[in-house]
file structure-v7.cif (mmCIF, C-alpha atoms)
data_start
loop_
_atom_site.label_atom_id
_atom_site.label_comp_id
_atom_site.auth_asym_id
_atom_site.auth_seq_id
_atom_site.Cartn_x
_atom_site.Cartn_y
_atom_site.Cartn_z
CA MET I 1 16.39 -1.42 6.46
CA GLY I 2 13.32 -0.38 4.49
CA TYR I 3 13.68 3.36 5.10
CA HIS I 4 17.35 3.55 6.15
CA VAL I 5 18.93 2.11 2.99
CA LEU I 6 22.64 1.31 2.82
CA PRO I 7 24.66 0.04 -0.18
CA SER I 8 24.96 -3.45 1.34
CA TYR I 9 23.10 -5.21 4.15
CA THR I 10 26.47 -6.06 5.77
CA HIS I 11 27.02 -2.35 6.40
CA TYR I 12 24.37 -2.35 9.13
CA TRP I 13 26.84 -4.23 11.32
CA SER I 14 29.84 -2.11 10.32
CA SER I 15 32.07 -0.53 12.98
CA GLU I 16 32.36 2.62 10.86
CA PRO I 17 30.44 5.54 12.40
CA ASP I 18 28.82 6.52 9.08
CA LEU I 19 27.54 3.02 8.30
CA GLY I 20 26.78 0.93 11.39
CA ILE I 21 23.23 1.03 12.76
CA GLU I 22 23.10 0.18 16.45
CA ILE I 23 19.44 -0.85 16.58
CA VAL I 24 20.05 -3.46 13.87
CA ALA I 25 23.28 -4.80 15.33
CA SER I 26 21.81 -5.07 18.83
CA THR I 27 18.71 -6.92 17.57
CA MET I 28 20.47 -9.73 15.71
CA THR I 29 24.01 -10.74 14.81
CA LYS I 30 25.10 -10.59 11.19
CA SER I 31 25.72 -14.34 11.01
CA ARG I 32 22.23 -15.03 12.38
CA PHE I 33 20.67 -12.70 9.81
CA GLN I 34 22.64 -14.35 6.99
CA ALA I 35 21.52 -17.81 8.14
CA LEU I 36 17.85 -16.78 8.16
CA LEU I 37 18.19 -15.01 4.82
CA SER I 38 19.74 -18.04 3.10
CA ASN I 39 17.01 -20.38 4.37
CA LEU I 40 13.95 -18.19 3.88
CA HIS I 41 11.44 -19.95 1.59
CA VAL I 42 7.70 -19.58 1.04
CA ASN I 43 7.15 -22.66 -1.13
CA ASN I 44 8.36 -26.26 -1.18
CA GLU I 45 10.71 -27.53 -3.87
CA GLU I 46 8.27 -30.26 -4.91
CA ASN I 47 5.83 -27.55 -6.01
CA ALA I 48 8.21 -26.26 -8.68
CA THR I 49 6.77 -26.07 -12.19
CA GLU I 50 8.61 -25.36 -15.44
CA ASN I 51 6.02 -22.95 -16.83
CA ASN I 52 5.63 -20.88 -13.67
CA LYS I 53 8.52 -18.50 -13.08
CA LEU I 54 6.96 -17.30 -9.83
CA TRP I 55 6.44 -20.67 -8.14
CA LYS I 56 8.81 -19.76 -5.30
CA LEU I 57 6.71 -16.70 -4.41
CA ARG I 58 3.25 -17.93 -5.42
CA PRO I 59 1.97 -18.69 -1.87
CA LEU I 60 3.10 -15.24 -0.69
CA ILE I 61 1.50 -13.45 -3.66
CA ASP I 62 -1.77 -15.33 -3.21
CA ARG I 63 -1.86 -14.61 0.54
CA LEU I 64 -1.14 -10.91 0.00
CA ASN I 65 -3.98 -10.60 -2.52
CA LEU I 66 -6.30 -12.44 -0.14
CA ASN I 67 -5.44 -10.24 2.84
CA PHE I 68 -5.57 -7.00 0.83
CA GLY I 69 -9.22 -7.76 0.09
CA LYS I 70 -10.02 -8.76 3.66
CA LEU I 71 -8.53 -5.68 5.28
CA TYR I 72 -10.11 -3.08 3.02
CA ASN I 73 -13.46 -2.63 1.30
CA ALA I 74 -12.84 -1.54 -2.28
CA ASN I 75 -14.35 1.81 -3.30
CA GLN I 76 -16.87 1.93 -6.11
CA CYS I 77 -14.29 3.48 -8.47
CA GLN I 78 -11.29 1.27 -9.29
CA SER I 79 -8.45 1.73 -11.74
CA ILE I 80 -6.28 -0.79 -13.59
CA ASP I 81 -2.72 0.13 -14.52
CA GLU I 82 0.87 -1.07 -14.43
CA SER I 83 3.43 -0.39 -11.70
CA MET I 84 7.20 -0.84 -11.70
CA ILE I 85 9.40 -2.19 -8.89
CA LEU I 86 13.01 -1.11 -9.25
CA PHE I 87 15.40 -4.00 -9.91
CA LYS I 88 18.72 -3.70 -11.76
CA ARG I 89 20.19 -7.18 -11.43
CA ARG I 90 19.70 -10.14 -13.74
CA SER I 91 16.27 -11.71 -13.93
CA THR I 92 14.14 -13.25 -16.66
CA LEU I 93 11.21 -11.28 -15.23
CA LYS I 94 12.88 -7.88 -15.50
CA GLN I 95 11.22 -5.46 -17.92
CA TYR I 96 12.34 -2.26 -19.61
CA CYS I 97 9.77 0.54 -19.77
CA PRO I 98 11.42 3.71 -21.15
CA MET I 99 8.36 5.90 -20.53
CA LYS I 100 8.16 5.11 -16.82
CA PRO I 101 9.98 6.91 -13.96
CA ILE I 102 11.34 3.48 -13.00
CA LYS I 103 12.60 2.17 -16.32
CA ARG I 104 13.98 -1.25 -15.32
CA GLY I 105 12.53 -3.71 -12.88
CA TYR I 106 9.56 -5.95 -12.24
CA LYS I 107 6.28 -4.90 -13.84
CA LEU I 108 3.07 -5.44 -11.91
CA TRP I 109 -0.54 -5.15 -13.01
CA VAL I 110 -2.46 -3.53 -10.15
CA ARG I 111 -6.02 -2.62 -9.22
CA ALA I 112 -6.23 0.44 -6.99
CA ASP I 113 -8.84 2.97 -5.93
CA THR I 114 -8.87 6.75 -5.52
CA SER I 115 -7.01 6.54 -2.20
CA GLY I 116 -4.12 4.69 -3.84
CA TYR I 117 -4.77 1.44 -1.97
CA ILE I 118 -3.90 -1.63 -4.05
CA SER I 119 -6.58 -4.28 -3.66
CA LYS I 120 -5.09 -6.82 -6.06
CA PHE I 121 -1.96 -7.27 -8.14
CA CYS I 122 -0.23 -9.78 -10.39
CA VAL I 123 3.32 -9.92 -11.71
CA TYR I 124 3.92 -9.67 -15.45
CA LYS I 125 5.92 -12.74 -16.48
CA GLY I 126 6.80 -11.75 -20.02
CA LYS I 127 5.47 -11.74 -23.56
CA GLY I 128 3.05 -14.52 -24.41
CA THR I 129 1.83 -15.10 -20.84
CA LYS I 130 -1.85 -14.50 -20.08
CA SER I 131 -2.42 -16.90 -17.19
CA TYR I 132 -4.05 -14.37 -14.88
CA GLY I 133 -7.39 -16.06 -14.37
CA GLN I 134 -10.57 -17.10 -16.17
CA PHE I 135 -11.58 -15.00 -19.17
CA PRO I 136 -12.74 -15.47 -22.78
CA ALA I 137 -10.18 -17.21 -24.99
CA THR I 138 -10.30 -14.34 -27.49
CA PHE I 139 -9.02 -11.83 -24.94
CA GLY I 140 -5.58 -10.32 -25.39
CA LEU I 141 -3.16 -9.47 -22.60
CA GLY I 142 -4.72 -6.15 -21.58
CA GLU I 143 -8.26 -7.52 -21.58
CA SER I 144 -7.29 -10.59 -19.56
CA VAL I 145 -5.55 -8.43 -16.95
CA VAL I 146 -8.70 -6.38 -16.36
CA ALA I 147 -10.92 -9.46 -16.23
CA SER I 148 -8.71 -11.29 -13.74
CA LEU I 149 -8.02 -8.36 -11.43
CA CYS I 150 -11.71 -7.48 -11.17
CA HIS I 151 -13.35 -10.92 -10.95
CA ASP I 152 -13.91 -10.60 -7.19
CA ILE I 153 -15.91 -7.35 -7.54
CA PHE I 154 -18.17 -8.38 -10.43
CA GLN I 155 -21.96 -8.06 -10.01
CA LYS I 156 -21.51 -5.18 -7.53
CA GLY I 157 -21.84 -2.14 -9.79
CA HIS I 158 -18.21 -1.03 -9.57
CA LYS I 159 -16.74 1.45 -12.06
CA ILE I 160 -13.43 0.35 -13.59
CA PHE I 161 -11.11 2.89 -15.25
CA PHE I 162 -8.18 2.01 -17.53
CA ASP I 163 -6.12 3.43 -20.41
CA ASN I 164 -6.08 2.57 -24.10
CA PHE I 165 -3.79 -0.44 -23.66
CA PHE I 166 -6.66 -2.33 -22.03
CA THR I 167 -9.79 -0.90 -23.69
CA SER I 168 -11.66 -2.86 -26.36
CA LEU I 169 -15.28 -3.44 -27.29
CA PRO I 170 -15.22 -7.12 -26.25
CA LEU I 171 -13.87 -6.15 -22.84
CA LEU I 172 -16.57 -3.53 -22.28
CA SER I 173 -19.25 -5.99 -23.34
CA PHE I 174 -17.80 -8.57 -20.98
CA LEU I 175 -17.87 -6.07 -18.09
CA LYS I 176 -21.48 -5.17 -18.86
CA GLU I 177 -22.45 -8.83 -18.55
CA LYS I 178 -20.82 -8.79 -15.11
CA ASP I 179 -22.85 -5.73 -14.01
CA THR I 180 -19.66 -3.65 -13.98
CA PHE I 181 -19.06 -0.27 -15.61
CA GLY I 182 -15.99 0.29 -17.77
CA CYS I 183 -14.39 3.59 -18.75
CA GLY I 184 -11.18 4.18 -20.67
CA SER I 185 -9.51 5.85 -23.62
CA ILE I 186 -9.41 3.68 -26.74
CA ARG I 187 -7.07 3.47 -29.70
CA ALA I 188 -8.57 4.50 -33.03
CA ASN I 189 -7.41 1.27 -34.70
CA ARG I 190 -9.32 -1.06 -32.37
CA LYS I 191 -11.64 -3.49 -34.13
CA GLY I 192 -15.35 -2.73 -34.09
CA LEU I 193 -15.17 1.06 -33.91
CA PRO I 194 -17.33 3.18 -36.27
CA ALA I 195 -15.81 3.85 -39.69
CA GLY I 196 -14.46 7.29 -40.57
CA ILE I 197 -12.81 8.11 -37.26
CA LYS I 198 -9.82 10.36 -37.85
CA THR I 199 -6.39 9.57 -36.45
CA ASP I 200 -4.61 11.98 -34.13
CA LYS I 201 -2.47 13.19 -37.04
CA GLN I 202 -5.57 13.92 -39.12
CA MET I 203 -7.19 15.92 -36.37
CA GLN I 204 -6.84 19.70 -36.57
CA ARG I 205 -6.74 22.06 -33.63
CA GLY I 206 -10.23 23.04 -32.54
CA ASP I 207 -11.95 20.15 -34.32
CA THR I 208 -14.49 18.88 -31.77
CA THR I 209 -17.11 17.37 -34.06
CA THR I 210 -15.11 14.53 -35.56
CA GLY I 211 -11.86 12.84 -34.74
CA SER I 212 -10.25 10.03 -32.90
CA VAL I 213 -12.13 8.63 -29.94
CA MET I 214 -10.60 10.02 -26.75
CA MET I 215 -12.91 8.55 -24.14
CA ASP I 216 -15.48 5.78 -24.33
CA CYS I 217 -17.76 4.66 -21.53
CA TYR I 218 -19.97 1.59 -21.63
CA PHE I 219 -22.91 2.00 -19.30
CA ALA I 220 -26.01 -0.09 -18.96
CA ASN I 221 -27.76 1.88 -21.73
CA GLY I 222 -24.90 1.59 -24.25
CA TRP I 223 -22.04 3.68 -25.58
CA THR I 224 -21.43 7.31 -24.80
CA THR I 225 -18.52 8.92 -26.63
CA ARG I 226 -16.61 12.12 -26.02
CA GLN I 227 -14.60 13.04 -29.13
#

call {"tool": "encode", "arguments": {"input": "structure-v7.cif", "output": "structure tokens"}}
result
Amino acid sequence: MGYHVLPSYTHYWSSEPDLGIEIVASTMTKSRFQALLSNLHVNNEENATENNKLWKLRPLIDRLNLNFGKLYNANQCQSIDESMILFKRRSTLKQYCPMKPIKRGYKLWVRADTSGYISKFCVYKGKGTKSYGQFPATFGLGESVVASLCHDIFQKGHKIFFDNFFTSLPLLSFLKEKDTFGCGSIRANRKGLPAGIKTDKQMQRGDTTTGSVMMDCYFANGWTTRQ
């Protein structure tokens, strides 16, 4: 069913030649599949909490993150970004991201390496939620995502790459304390940046001496900036 997708799961048992899939129908009856599907749970009802929209899936998410780390040794270079899972039905967790190839669905924060392997992920639960792990209270959403997704590789000299949604001076200082390198583009209006940095609109073509900060890296010896 994962790679042979039909409009409805009931079609796999259809008698129509263009819908029915023999290997599915011969493996399990439709009524048996429906019974298993309606009773499939990964968490007990008594574990339900009002402030956790993902309580039904929490044990599965935690086990996946645990096994992802066990089965694969993370490369030295890791990246933090968002990923979309297509979903068009009603859900309080559904997000709309007009700039993404998948515009509507569930948004995940993921940590992956150069091979594309995802070592850790968490589901975005909506505006105002930052419960992704332990991090400084002053951290915003982007900073807390990086801190929580990378806590298991701190003190190992990893290099973490991210875009300007996540980058801030407090985050880079925090990573330095954890013996972890941080690299990412940064928005010119972030607090703590040197005065006099031009915005993208103020920049003129060919101006390479001054301008908005395009890439900032925080290594053990301090800032290096490519303008």

call {"tool": "resolve_selection", "arguments": {"input": "structure-v7.cif", "expression": "the PyMOL selection byres ((chain I and resi 77-94) around 9)", "output": "PyMOL selection string"}}
result
chain I and resi 53+74-76+95-97+100-114+123-126+145-146+149-150+158-163+166

call {"tool": "atom_distance", "arguments": {"input": "structure-v7.cif", "atom1": "CA of Val42 in chain I", "atom2": "CA of Leu64 in chain I"}}
result
12.4 Å

call {"tool": "closest_residue", "arguments": {"input": "structure-v7.cif", "among": "I:Ile21, I:Phe33, I:His11, I:Lys120", "to": "Asp62 in chain I", "atoms": "all atoms listed in the file"}}
result
I:Lys120

call {"tool": "atom_distance", "arguments": {"input": "structure-v7.cif", "atom1": "CA of Leu172 in chain I", "atom2": "CA of Glu143 in chain I"}}
result
9.2 Å

call {"tool": "residues_near_point", "arguments": {"input": "structure-v7.cif", "point": "(-21.0, -0.6, -12.6)", "cutoff": "8 Å", "atoms": "only C-alpha atoms", "output": "PyMOL selection string"}}
result
chain I and resi 155-160+176+179-182+219

call {"tool": "atom_distance", "arguments": {"input": "structure-v7.cif", "atom1": "CA of Phe165 in chain I", "atom2": "CA of Phe139 in chain I"}}
result
12.6 Å

call {"tool": "resolve_selection", "arguments": {"input": "structure-v7.cif", "expression": "the PyMOL selection byres ((chain I and resi 9) around 12)", "output": "compact mmCIF listing (two decimals) with C-alpha atoms, in the coordinates of the input"}}
result
# COMPACT_ATOMS: atom_id res chain seq x y z
CA MET I 1 16.39 -1.42 6.46
CA GLY I 2 13.32 -0.38 4.49
CA HIS I 4 17.35 3.55 6.15
CA VAL I 5 18.93 2.11 2.99
CA LEU I 6 22.64 1.31 2.82
CA PRO I 7 24.66 0.04 -0.18
CA SER I 8 24.96 -3.45 1.34
CA THR I 10 26.47 -6.06 5.77
CA HIS I 11 27.02 -2.35 6.40
CA TYR I 12 24.37 -2.35 9.13
CA TRP I 13 26.84 -4.23 11.32
CA SER I 14 29.84 -2.11 10.32
CA LEU I 19 27.54 3.02 8.30
CA GLY I 20 26.78 0.93 11.39
CA ILE I 21 23.23 1.03 12.76
CA VAL I 24 20.05 -3.46 13.87
CA ALA I 25 23.28 -4.80 15.33
CA LYS I 30 25.10 -10.59 11.19
CA SER I 31 25.72 -14.34 11.01
CA PHE I 33 20.67 -12.70 9.81
CA GLN I 34 22.64 -14.35 6.99
CA LEU I 37 18.19 -15.01 4.82
